[in-house]
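Engineer: Sharing a structure below in structure tokens format, with a few things to ask.
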Amino acid sequence: MSSLRSRLTLGSALIAVIPLAATMLLLSQQIGAMVRSQAAERLNAALDGLQAQLQVEGEKIDSQLRAVGNDASLRRLVLVHRGASLDLIYELSEKRMLLGLDFLQVVEQGGRLIGSVSGGDSDAPAMGSSAPMLYENAPVATVRGGRWLDKAFLGRLKETSGVELVLRDAAGVARAATLAGAPEVPGTLGSEVVRVDVGGRGYLARSRALDISGARGVRVTGLVSTAAADQAIATLRATAILLGVAGLVMAILLGALWSSQVSRPVETLAAFSRRVSQGEWEEPLVLDSVRELDTLVEALERMRRDLRTYRERLVVSERQAAWSYMARTVAHEVKNPLTPIAISIADLQRSYEQRRPDFPHILEQAVRTVGEEIESLKRMLQEFSDFARLPAPRPAPCSVSELLGDLEVLYARDVAEHRMTFVHPRPDVTVFADAGQLKRALINLIKNGLEALSGPGRVAVSAAGNRDEVEISVSDTGPGLTTEQRARLFAPGFTTKTAGSGLGLTIVERIVSDHGGTIDVEPGPEGGTRVRIRLALERRT
């Protein structure tokens, strides 16, 4: 997640998903609250209507029982028989059926039941009333009657209210219900609307006590199904999930596209900056991007042009400085051999004018001195010429073992005298290099190592390679170099020898640099100095 592209893609996905998820959550909550509010209104209306209907039913039962108590035929049967009779039972049955009551009873003044007829569920709570039966304005019996609050009664109420009903007695036992799973409905519900599960289905429920004559402590619970709302919420959630997945996929695709459009110019700028840092300033920066990046593109392109201009100026300045230094060095080095030559010639002329008898010996000595100095001057001029005209390398596959073998043949005498050792790489390593220039660099290092030996000593040449590079080292057991001498070792004109131009190691460094390698100087493992040359095995163009 550290790349710009991945972060932009993630940001696009979050922007698409989070608002959708928040919207769906709020919508689900609003739907739930709306369903709860509507259910509460339905329950309140249903229970209030139920109470009102029960009051109407109670008043109707009161009037019906008063009419039964004033019925002359029923009163005559009660007064004539003074107890239960078939005629009384038949009369009560007719009146119960006619009035639509569930039960009808006649009780004497002493409390003895003399007639009773009923129908329906007699175990259900009853909504009933009573009325006196008068004879000559004196009560002779009491008529009782009413209706059972059973399943059939609740069914009729459900048809008018559309609400499931559960009726419980004062002990909290469910006596009648329109719902099959009535026992699963909690009996401790209060006046607040709560959600309950009955038979695996959801309901919103509310309970209240009924004010019914003849039935104290009876409570009714109303239940409104939430199946439609649950289905709507489930559909909404499924739709939200599908929309979320679709939105996430689209956001990822669009985020990847947009991030690519944003990150690709940035990657191009990073690659251009990397090439500039590596000194590749020739290719201009061409980038068609957003306006905000155009300023950066212009700044980088201006920097590239400025760097190329500065480099050209620096190259010219370095070339002029190098030729100036070379001219001073050549003048200084040429002047050194001329002094003994001039002295020898002057001495020769003076001896000739004096007619000295040892003139032949003086002439021979002067000729030898002049010849040696001229030879030294020629060698020095050749080194300067080689340094100034060192050609570019012509790389080709080169076996390091064969290269060391050629050097071993060239220095066979020193190898035989145990002044040199060669260690070939095992297995052999092939580099893409100019074999002639590498051989010249190694000869220069070997020559310096042999010249550094004072008395017994040894120069060791070894090579070893791995998967990426080869290392060739030349070490000697001479007196070694100080830290300051190692720091200046490759500077043109610097030398630790009494005679020399100081260009040998400079030429070696240039050859190694032209091959894309590195050269390091460090103390040798047995004293003296060790020079390490590292060359990459891959082909460089």
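In the structure tokens, chains take the letters A, B, ... in the order shown, each chain's residues start at 1, and ligands count up from 1 in the order shown.
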Please run DSSP on the backbone and report, as an MDAnalysis selection string, all residues within segment 205-235 of chain A that come out as alpha helix (DSSP H).

Structural biologist: chainID A and resid 227:235

Engineer: Could you dump the residues just selected with C-alpha atoms as a PDB file, in the first residue's frame?

Structural biologist:
ATOM      1  CA  ALA A 227     -42.761  -9.901   7.750  1.00  0.00           C
ATOM      2  CA  ALA A 228     -43.318  -7.298   5.052  1.00  0.00           C
ATOM      3  CA  ALA A 229     -40.959  -4.838   6.717  1.00  0.00           C
ATOM      4  CA  ASP A 230     -38.368  -7.544   7.333  1.00  0.00           C
ATOM      5  CA  GLN A 231     -38.631  -8.603   3.708  1.00  0.00           C
ATOM      6  CA  ALA A 232     -38.252  -4.987   2.594  1.00  0.00           C
ATOM      7  CA  ILE A 233     -35.224  -4.478   4.837  1.00  0.00           C
ATOM      8  CA  ALA A 234     -33.684  -7.776   3.679  1.00  0.00           C
ATOM      9  CA  THR A 235     -34.276  -6.768   0.062  1.00  0.00           C
TER      10      THR A 235
END

Engineer: List the spatial neighbours of segment 393-398 of chain A as an MDAnalysis selection string - criterion: any atom at most 7 Å away, only C-alpha atoms, same-chain residues fewer than 4 positions off excluded.

Structural biologist: chainID A and resid 430:435 514

Engineer: Quote the spacing between atom CA of Pro425 of chain A and atom CA of Ser401 of chain A in Å to one decimal place.

Structural biologist: 6.4 Å

Engineer: Show me, as number ranges by chain, the residues that have an atom within 9 Å of segment 473-479 of chain A when counting only C-alpha atoms, minus same-chain residues fewer than 6 positions from it.

Structural biologist: A: 442, 445-446, 449-454, 456-464, 523-534

Engineer: Could you pull the residues within 9 Å of Pro340 of chain A, counting only C-alpha atoms, minus those fewer than 4 positions along the same chain, as a PyMOL selection string?

Structural biologist: chain A and resi 336+344-345+369-370+373

Engineer: When you count only C-alpha atoms, which of these residues is closest to Pro427 of chain A: A:Ser118, A:Thr239, A:Asn444, A:Ser399?

Structural biologist: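 Looking only at the distances to Pro427 of chain A, the closest residue turns out to be A:Ser399.
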
Engineer: Have a look at atom CA of Val470 of chain A and atom CA of Thr482 of chain A and let me know their distance in Å, one decimal.

Structural biologist: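 These two atoms are separated by 27.2 Å.
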
Engineer: Tell me which of A:Ala238, A:Ala270, A:Leu88, A:Leu157 sits closest to Asp48 of chain A, counting only C-alpha atoms.

Structural biologist: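 Ranking A:Ala238, A:Ala270, A:Leu88, A:Leu157 by distance to Asp48 of chain A, first place goes to A:Leu157.
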
Engineer: Leaving out segment 240-245 of chain A and any residue of its chain fewer than 5 positions from it, which residues lie within 12 Å of it when counting only C-alpha atoms, given as number ranges by chain?

Structural biologist: A: 13-28, 232-235, 250-252

Engineer: Using atom CA of Val224 of chain A and atom CA of Leu43 of chain A as the two end points, give the distance in Å to one decimal.

Structural biologist: 7.2 Å

Engineer: Going by DSSP on the backbone, which bits of segment 99-230 of chain A are strand (DSSP E)? Write them as a VMD selection string, please.

Structural biologist: chain A and resid 103 to 108 113 to 118 126 to 135 138 to 148 164 to 168 174 to 177 194 to 198 201 to 209 219 to 225

Engineer: When distances are computed from only C-alpha atoms, which of A:Met133, A:Arg350, A:Leu257, A:Leu10 shows the smallest separation from Asp71 of chain A?

Structural biologist: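 Of A:Met133, A:Arg350, A:Leu257, A:Leu10, the one nearest Asp71 of chain A, counting only C-alpha atoms, is A:Met133.
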
Engineer: Which residues are close to segment 59-69 of chain A, i.e. within 12 Å by only C-alpha atoms, leaving aside same-chain residues fewer than 3 positions away? Reply as a count of residues only.

Structural biologist: 49
